[in-house]
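Below is one structure; the comments refer to it alone.
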2 protein chains.
Amino acid sequence: FQASRAASLLPQLLLRRRPAPAGAFALLARPASSASGGLPPLTTEIHPGIKRGAFSQLTDADLSAFEAIVGGDHVIKDADEVLSYNIDWLRICRGQGQLVLRPKTTEEVSAIVRHCNKRRLAVVPQGGNTGLVGGSVPLFDEIVISTSRMNSLLSIDPVSGVLVAEAGCVLEQLDREAASQGLMMPLDLGAKGSCQIGGNLATNAGGLRLLRYGSLRGTTLGLEAVLPTGQVLDCLTTLRKDNTGYDIKQLLIGSEGTLGIITKAAILCPARPKSVQLAFLGLDSFQAVLDTYRLARRSLGEILSAFEFIDSESMRAVKQNLGLSCPLGEHSFYVLAETSGSNETHDREKLDGFIESVMSMDGCATDGTVAQDAGQFAHLWSLRERIVESLLVDGYEYKYDVSLPLADIYRLVEHMRTRLDGRVIRTAGYGHLGDGNLHLNFTTPKFDAKVLELIEPHVFDWVRDRRGSVSAEHGLGLKKSQYIRHSKADFAVRVMAEVKRLLDPNGIMNPYKVLPDE
Amino acid sequence: FQASRAASLLPQLLLRRRPAPAGAFALLARPASSASGGLPPLTTEIHPGIKRGAFSQLTDADLSAFEAIVGGDHVIKDADEVLSYNIDWLRICRGQGQLVLRPKTTEEVSAIVRHCNKRRLAVVPQGGNTGLVGGSVPLFDEIVISTSRMNSLLSIDPVSGVLVAEAGCVLEQLDREAASQGLMMPLDLGAKGSCQIGGNLATNAGGLRLLRYGSLRGTTLGLEAVLPTGQVLDCLTTLRKDNTGYDIKQLLIGSEGTLGIITKAAILCPARPKSVQLAFLGLDSFQAVLDTYRLARRSLGEILSAFEFIDSESMRAVKQNLGLSCPLGEHSFYVLAETSGSNETHDREKLDGFIESVMSMDGCATDGTVAQDAGQFAHLWSLRERIVESLLVDGYEYKYDVSLPLADIYRLVEHMRTRLDGRVIRTAGYGHLGDGNLHLNFTTPKFDAKVLELIEPHVFDWVRDRRGSVSAEHGLGLKKSQYIRHSKADFAVRVMAEVKRLLDPNGIMNPYKVLPDE
């Protein structure tokens, strides 16, 4: 389904609704084994400098207390069962947790945390465990509090567009519920089949359509959370506007489970578009990608809903490691430009205009196609959404997620490719161009400390020197907490530490994450 | 320029750019006298229960210190000059401040605040002084720190859309600068000719286009602020995504100057629409207003940029008190529906479709018109934007700003109209329907304590009982701080108080505002 250079000849079949995603990511979450085989090394072996905090050890009396709160069936002690909660999705972290608790209600979470705070027992909140920075798994023997059983959709109002859900609801399921009311979730990401809305909020997840629908800081109207003392913070309003006092809930959003456990959320959902279209373009320079982005903003205006780029190395990984086919020939770069709108005819005219401009502009896109049906739509998106999974097949993945000024974005990939030449299987760059967000990845057959030394802190320094962010959307977790000052002023970090001490005086809530050692 | 019932016959002349506003509001800011004449009563007379905090008294040594920091010309002591900084725009508050400081730089603000914190001198940050809840003026002898001289636009990037400005920049001027780069400010409000971006952020201002562009919590990328200890919090990133630690800047947004003084801000500006259209409709029931809103969302989709309603009493005030003319006959309600888009032809087709649906639906709009040129566009908007000013002409204004479920919005106006029958000049309701935000106003020839007793706390109780917000967008300031628990849980208010103590241990920063007495 190659597009001709004459845009007016482009055959188009517009999709009325964004189809269900390929789903492969969901199935692959927590794979039984990776290409490198066996268990990942203990996180404490990779980070020997981190010492266990002065927390208590679990006793039989604690177990009895937890069984009284959540019931024996939801206190998981079996080592095999606990193992999957100790290992992150990327299989780069393995903790030594011995206990998983699976509460059903806010009151149960509150009772658990109250007990842990009194007893100085450290905890780790865990949602879908799809985080990429080691934030959602234990390091030592922290108790995992899983939100998976708190998975009720509480309400959804088609007029106001407000959806209220428990933290453990899976994003994709919420989006399906929203669809039934003519709405959509304002965020979408590759892990949608496994990630939970509570975890999305805790990590301030960005994803594929932030460009259009904005960040969760704007679309989250309310939330409820259990603070580290066990007290319940009820900010669960569904009002679009409410300027009564400080917006305390914003502290929880993006705190990566270090300031409390989000238990419920109220999200403002936009209207589900009546028409969605997807163009896939091949380009031969990064300058052409930037020029195409400027054209897209001008031609597609308010209906542009995603603008993603993929480099040739990322595309090769998807093709070689997952066997996916690319409908275009070899190019240095590929772009996915998606539109979402309320009028099929208007949207098609705008897309035609965009493609015509792109094709007629020298040095811009040289090749392109438009999704003709739901199958092609899903297939084209899978080329982008399954990159992270395809890279894992190489063995070990070194994963970075940075924000940079647009002009610098791909320079970093080229710079690192030269630096690591001959030492890695690949250096792959892709991401959300409209947000200035690059996903930069390196792979080796297995963990290689020398490669890591060549990457860190060099890559973070490079980003800092260009006033970028060392974590655009993944958060700091365990892997990047020591680099927070690369993107935040000293005094700002001190204020964060004071807020942490204020809300979590015993430091039990997801220790060793986000904030650096003092 | 009456519209015929047949939508297809509607003559339309689309505006390429939103024209400059009428500007009358700006000229009328801080009027020399109101219809009731003379000075408003001292705030301490109206609120005799509030006692001065244990702050120091200003000494000559303090004055010398301030002169050394900002220079003698910017230390205002003259009683007549100071008076206008003591009185709020609505003329419902008059403080007893004796000193105004006008720093030019962040460093000067920092030095002033550091001195005040050491000396336990209370301060009030003041921007354009257009706040409506008494938050921006002193109550006792607090020192006013005016941001008016900090009015430089620091940068504006047409590609990323990021504008960086000092706090004292006037919103309308920033919007003009944004326009020169094909961008627009993501907020707009009646006070745009006087209000400053620092004050907009400090109060988390909503305004006319929040419906489309979202809240400042999403569109503010970075800010710099001087905290109550005098330390400078530098969170002035211009990155669209940055998940490195807690989003401390969100505490400053909406803190109404009680947690610090915002000195700089980075705002993400959307593309300026190429086509803007405005429909003005007359309707005979509130149900028709709601039905028209649903139709607008369906027909106008992503180009709907404002949906405002005005009741007949508000319209009468604008006509009688300001002499403005309304192009439609008498109706119970009027609606302004604005579109902003990137394609004039498409937008016009969508608006035609909307008007056709409205006119053909029984019990919906009975009369309507579409702005034909920039003059008509500005005139129609002035009917909405000048209501607040027109009500002041009656004498004394009791002003409320609440969020409610859509079904309850106008019930409150009717309920209060009955309750106050014969005791007020008028009960007027208007506001941002798409945000569930009602502006409810009562007027009397002069302040009447009995009328106030009939309104408060009754109106706040009514809103609380329907789980609304007692302040949708104006904030709590001095006037509503005692009602915070009507919209926020007890424990949430306690956390706010702890955050206040953490950042402002001496309580010098805008005391008596936002948080209730303990």
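For the structure tokens, the naming scheme is as follows: chains receive sequential letters (A, B, ...) according to their order of presentation, residues are indexed from 1 within each chain, and ligands are indexed from 1 in presentation order.
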
Env of segment 382-392 of chain B: 6 Å cut, atoms = only C-alpha atoms, seq-sep filter 6 positions within chain, self excluded. Answer as a list of chain:residue names.
B:Gly190, B:Ala317, B:Val318, B:Asn321, B:Leu322

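The backbone trace of chain A, superposed onto chain B over all C-alpha atoms paired in order, deviates from it by an RMSD of 0.0 Å.
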
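Shortest separation to Cys116 of chain B among B:Leu216, B:Leu101, B:Leu324, B:Leu304 occurs at residue B:Leu101, atoms counted being only C-alpha atoms.
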
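Distance-wise, atom CA of His439 of chain B and atom CA of Gly329 of chain B end up 23.1 Å apart.
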
Mind checking which residues fall within 12 Å of Asp73 of chain B, counting only C-alpha atoms, ignoring those fewer than 2 positions away in the same chain, and posting them as a PDB file with N, CA and C atoms, in the first residue's frame?
ATOM      1  N   PHE B  66      15.633  48.743  52.638  1.00  0.00           N
ATOM      2  CA  PHE B  66      14.881  48.607  51.380  1.00  0.00           C
ATOM      3  C   PHE B  66      15.400  49.591  50.328  1.00  0.00           C
ATOM      4  N   GLU B  67      15.720  50.804  50.754  1.00  0.00           N
ATOM      5  CA  GLU B  67      16.249  51.784  49.808  1.00  0.00           C
ATOM      6  C   GLU B  67      17.577  51.308  49.234  1.00  0.00           C
ATOM      7  N   ALA B  68      18.351  50.664  50.060  1.00  0.00           N
ATOM      8  CA  ALA B  68      19.630  50.133  49.570  1.00  0.00           C
ATOM      9  C   ALA B  68      19.398  49.026  48.544  1.00  0.00           C
ATOM     10  N   ILE B  69      18.304  48.294  48.685  1.00  0.00           N
ATOM     11  CA  ILE B  69      18.035  47.175  47.761  1.00  0.00           C
ATOM     12  C   ILE B  69      17.438  47.665  46.445  1.00  0.00           C
ATOM     13  N   VAL B  70      16.364  48.441  46.499  1.00  0.00           N
ATOM     14  CA  VAL B  70      15.642  48.794  45.260  1.00  0.00           C
ATOM     15  C   VAL B  70      15.867  50.242  44.822  1.00  0.00           C
ATOM     16  N   GLY B  71      16.533  51.033  45.643  1.00  0.00           N
ATOM     17  CA  GLY B  71      16.708  52.454  45.311  1.00  0.00           C
ATOM     18  C   GLY B  71      15.522  53.264  45.833  1.00  0.00           C
ATOM     19  N   VAL B  75      10.770  52.909  46.597  1.00  0.00           N
ATOM     20  CA  VAL B  75      10.235  52.701  47.946  1.00  0.00           C
ATOM     21  C   VAL B  75       9.144  53.767  48.123  1.00  0.00           C
ATOM     22  N   ILE B  76       7.889  53.322  48.045  1.00  0.00           N
ATOM     23  CA  ILE B  76       6.775  54.285  48.048  1.00  0.00           C
ATOM     24  C   ILE B  76       6.188  54.388  49.443  1.00  0.00           C
ATOM     25  N   LYS B  77       6.252  55.587  50.012  1.00  0.00           N
ATOM     26  CA  LYS B  77       5.756  55.806  51.369  1.00  0.00           C
ATOM     27  C   LYS B  77       4.601  56.802  51.399  1.00  0.00           C
ATOM     28  N   ASP B  78       4.497  57.607  50.343  1.00  0.00           N
ATOM     29  CA  ASP B  78       3.465  58.638  50.291  1.00  0.00           C
ATOM     30  C   ASP B  78       2.073  58.016  50.420  1.00  0.00           C
ATOM     31  N   VAL B 100       5.120  50.456  49.922  1.00  0.00           N
ATOM     32  CA  VAL B 100       5.118  49.646  48.697  1.00  0.00           C
ATOM     33  C   VAL B 100       6.546  49.605  48.160  1.00  0.00           C
ATOM     34  N   LEU B 101       7.009  48.398  47.817  1.00  0.00           N
ATOM     35  CA  LEU B 101       8.340  48.242  47.224  1.00  0.00           C
ATOM     36  C   LEU B 101       8.176  47.748  45.797  1.00  0.00           C
ATOM     37  N   ARG B 102       8.969  48.325  44.894  1.00  0.00           N
ATOM     38  CA  ARG B 102       8.845  47.977  43.477  1.00  0.00           C
ATOM     39  C   ARG B 102      10.178  47.460  42.936  1.00  0.00           C
ATOM     40  N   PRO B 103      10.515  46.200  43.236  1.00  0.00           N
ATOM     41  CA  PRO B 103      11.792  45.657  42.772  1.00  0.00           C
ATOM     42  C   PRO B 103      11.783  45.454  41.257  1.00  0.00           C
ATOM     43  N   LYS B 104      13.003  45.378  40.700  1.00  0.00           N
ATOM     44  CA  LYS B 104      13.145  45.187  39.250  1.00  0.00           C
ATOM     45  C   LYS B 104      13.619  43.783  38.914  1.00  0.00           C
TER      46      LYS B 104
END

Find, counting only C-alpha atoms, the residue in A:Leu63, A:Val424, A:Leu502, A:Val370 that gets nearest to chain B.
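Of A:Leu63, A:Val424, A:Leu502, A:Val370, the one nearest chain B is A:Leu502, counting only C-alpha atoms.
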
Figure out the distance between atom CA of Tyr410 of chain A and atom CA of Gly207 of chain A, please, to one decimal in Å.
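Atom CA of Tyr410 of chain A lies 19.2 Å from atom CA of Gly207 of chain A.
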
Hey, what's within 9 Å of segment 46-48 of chain B if we count only C-alpha atoms and toss same-chain stuff fewer than 3 positions away? As a ChimeraX atom specification, please?
/B:41-43,51,93,449

Across A:Glu453, A:Asp80, A:Glu256, A:Asp188, the smallest distance to chain B, with only C-alpha atoms counted, is shown by A:Glu256

Taking the backbone alone, and naming residues the way the document does, which bits of segment 92-335 of chain B are strand (DSSP E or B) by DSSP, as a count of residues only?
63

I need the residues in segment 461-515 of chain B that are alpha helix (DSSP H) according to DSSP; give them as a ChimeraX atom specification.
/B:461-465,490-503

Write out as a list in words which residues come within 10 Å of Leu503 of chain A when counting only C-alpha atoms, dropping same-chain ones fewer than 5 positions away.
Leu227, Pro228, Thr229, Thr258, Leu259, Gly260, Glu498 and Met509 of chain A; Val495, Glu498 and Val499 of chain B

Any chance you could export the current selection's all heavy atoms as a PDB file, in the first residue's frame?
ATOM      1  N   LEU A 227      -1.274   8.274  52.476  1.00  0.00           N
ATOM      2  CA  LEU A 227       0.039   8.861  52.729  1.00  0.00           C
ATOM      3  C   LEU A 227       0.885   7.905  53.575  1.00  0.00           C
ATOM      4  O   LEU A 227       0.362   6.939  54.141  1.00  0.00           O
ATOM      5  CB  LEU A 227      -0.123  10.224  53.405  1.00  0.00           C
ATOM      6  CG  LEU A 227      -0.868  11.283  52.571  1.00  0.00           C
ATOM      7  CD1 LEU A 227      -0.664  12.670  53.167  1.00  0.00           C
ATOM      8  CD2 LEU A 227      -0.436  11.286  51.118  1.00  0.00           C
ATOM      9  N   PRO A 228       2.184   8.161  53.668  1.00  0.00           N
ATOM     10  CA  PRO A 228       3.088   7.223  54.359  1.00  0.00           C
ATOM     11  C   PRO A 228       2.769   6.998  55.837  1.00  0.00           C
ATOM     12  O   PRO A 228       3.254   6.031  56.429  1.00  0.00           O
ATOM     13  CB  PRO A 228       4.466   7.887  54.193  1.00  0.00           C
ATOM     14  CG  PRO A 228       4.349   8.683  52.939  1.00  0.00           C
ATOM     15  CD  PRO A 228       2.948   9.203  52.952  1.00  0.00           C
ATOM     16  N   THR A 229       1.951   7.856  56.420  1.00  0.00           N
ATOM     17  CA  THR A 229       1.534   7.645  57.805  1.00  0.00           C
ATOM     18  C   THR A 229       0.293   6.765  57.881  1.00  0.00           C
ATOM     19  O   THR A 229      -0.174   6.435  58.964  1.00  0.00           O
ATOM     20  CB  THR A 229       1.184   8.987  58.450  1.00  0.00           C
ATOM     21  OG1 THR A 229       0.248   9.643  57.588  1.00  0.00           O
ATOM     22  CG2 THR A 229       2.411   9.846  58.638  1.00  0.00           C
ATOM     23  N   THR A 258       6.780   7.477  46.204  1.00  0.00           N
ATOM     24  CA  THR A 258       7.617   7.797  47.373  1.00  0.00           C
ATOM     25  C   THR A 258       6.908   8.698  48.372  1.00  0.00           C
ATOM     26  O   THR A 258       7.409   8.906  49.464  1.00  0.00           O
ATOM     27  CB  THR A 258       8.936   8.483  46.953  1.00  0.00           C
ATOM     28  OG1 THR A 258       8.626   9.733  46.343  1.00  0.00           O
ATOM     29  CG2 THR A 258       9.726   7.621  45.986  1.00  0.00           C
ATOM     30  N   LEU A 259       5.756   9.249  47.992  1.00  0.00           N
ATOM     31  CA  LEU A 259       5.022  10.121  48.922  1.00  0.00           C
ATOM     32  C   LEU A 259       3.679   9.530  49.324  1.00  0.00           C
ATOM     33  O   LEU A 259       2.942  10.150  50.096  1.00  0.00           O
ATOM     34  CB  LEU A 259       4.810  11.512  48.301  1.00  0.00           C
ATOM     35  CG  LEU A 259       6.066  12.345  48.028  1.00  0.00           C
ATOM     36  CD1 LEU A 259       5.695  13.691  47.427  1.00  0.00           C
ATOM     37  CD2 LEU A 259       6.876  12.544  49.300  1.00  0.00           C
ATOM     38  N   GLY A 260       3.340   8.361  48.796  1.00  0.00           N
ATOM     39  CA  GLY A 260       2.067   7.759  49.138  1.00  0.00           C
ATOM     40  C   GLY A 260       1.627   6.792  48.060  1.00  0.00           C
ATOM     41  O   GLY A 260       2.308   6.622  47.036  1.00  0.00           O
ATOM     42  N   GLU A 498      12.658  18.036  51.789  1.00  0.00           N
ATOM     43  CA  GLU A 498      11.896  18.490  52.958  1.00  0.00           C
ATOM     44  C   GLU A 498      10.434  18.047  52.857  1.00  0.00           C
ATOM     45  O   GLU A 498       9.812  17.688  53.856  1.00  0.00           O
ATOM     46  CB  GLU A 498      11.992  20.015  53.089  1.00  0.00           C
ATOM     47  CG  GLU A 498      13.351  20.450  53.636  1.00  0.00           C
ATOM     48  CD  GLU A 498      13.548  21.964  53.635  1.00  0.00           C
ATOM     49  OE1 GLU A 498      12.551  22.708  53.514  1.00  0.00           O
ATOM     50  OE2 GLU A 498      14.709  22.397  53.748  1.00  0.00           O
ATOM     51  N   MET A 509       8.272   4.833  52.636  1.00  0.00           N
ATOM     52  CA  MET A 509       7.538   4.698  51.378  1.00  0.00           C
ATOM     53  C   MET A 509       8.481   4.677  50.170  1.00  0.00           C
ATOM     54  O   MET A 509       9.030   5.694  49.775  1.00  0.00           O
ATOM     55  CB  MET A 509       6.538   5.865  51.294  1.00  0.00           C
ATOM     56  CG  MET A 509       5.492   5.782  50.194  1.00  0.00           C
ATOM     57  SD  MET A 509       4.420   4.321  50.195  1.00  0.00           S
ATOM     58  CE  MET A 509       3.416   4.562  51.645  1.00  0.00           C
TER      59      MET A 509
ATOM     60  N   VAL B 495      -2.747  19.094  55.696  1.00  0.00           N
ATOM     61  CA  VAL B 495      -1.515  18.945  54.913  1.00  0.00           C
ATOM     62  C   VAL B 495      -1.105  20.301  54.316  1.00  0.00           C
ATOM     63  O   VAL B 495       0.072  20.680  54.334  1.00  0.00           O
ATOM     64  CB  VAL B 495      -1.684  17.885  53.804  1.00  0.00           C
ATOM     65  CG1 VAL B 495      -0.445  17.835  52.911  1.00  0.00           C
ATOM     66  CG2 VAL B 495      -1.944  16.513  54.417  1.00  0.00           C
ATOM     67  N   GLU B 498       0.572  22.313  56.884  1.00  0.00           N
ATOM     68  CA  GLU B 498       1.937  21.834  57.151  1.00  0.00           C
ATOM     69  C   GLU B 498       2.904  22.290  56.059  1.00  0.00           C
ATOM     70  O   GLU B 498       4.048  22.641  56.332  1.00  0.00           O
ATOM     71  CB  GLU B 498       1.944  20.303  57.286  1.00  0.00           C
ATOM     72  CG  GLU B 498       1.368  19.855  58.620  1.00  0.00           C
ATOM     73  CD  GLU B 498       1.239  18.333  58.725  1.00  0.00           C
ATOM     74  OE1 GLU B 498       1.862  17.618  57.914  1.00  0.00           O
ATOM     75  OE2 GLU B 498       0.499  17.875  59.615  1.00  0.00           O
ATOM     76  N   VAL B 499       2.428  22.273  54.816  1.00  0.00           N
ATOM     77  CA  VAL B 499       3.265  22.762  53.719  1.00  0.00           C
ATOM     78  C   VAL B 499       3.552  24.256  53.913  1.00  0.00           C
ATOM     79  O   VAL B 499       4.685  24.728  53.726  1.00  0.00           O
ATOM     80  CB  VAL B 499       2.587  22.497  52.358  1.00  0.00           C
ATOM     81  CG1 VAL B 499       3.302  23.245  51.241  1.00  0.00           C
ATOM     82  CG2 VAL B 499       2.564  21.001  52.056  1.00  0.00           C
TER      83      VAL B 499
END
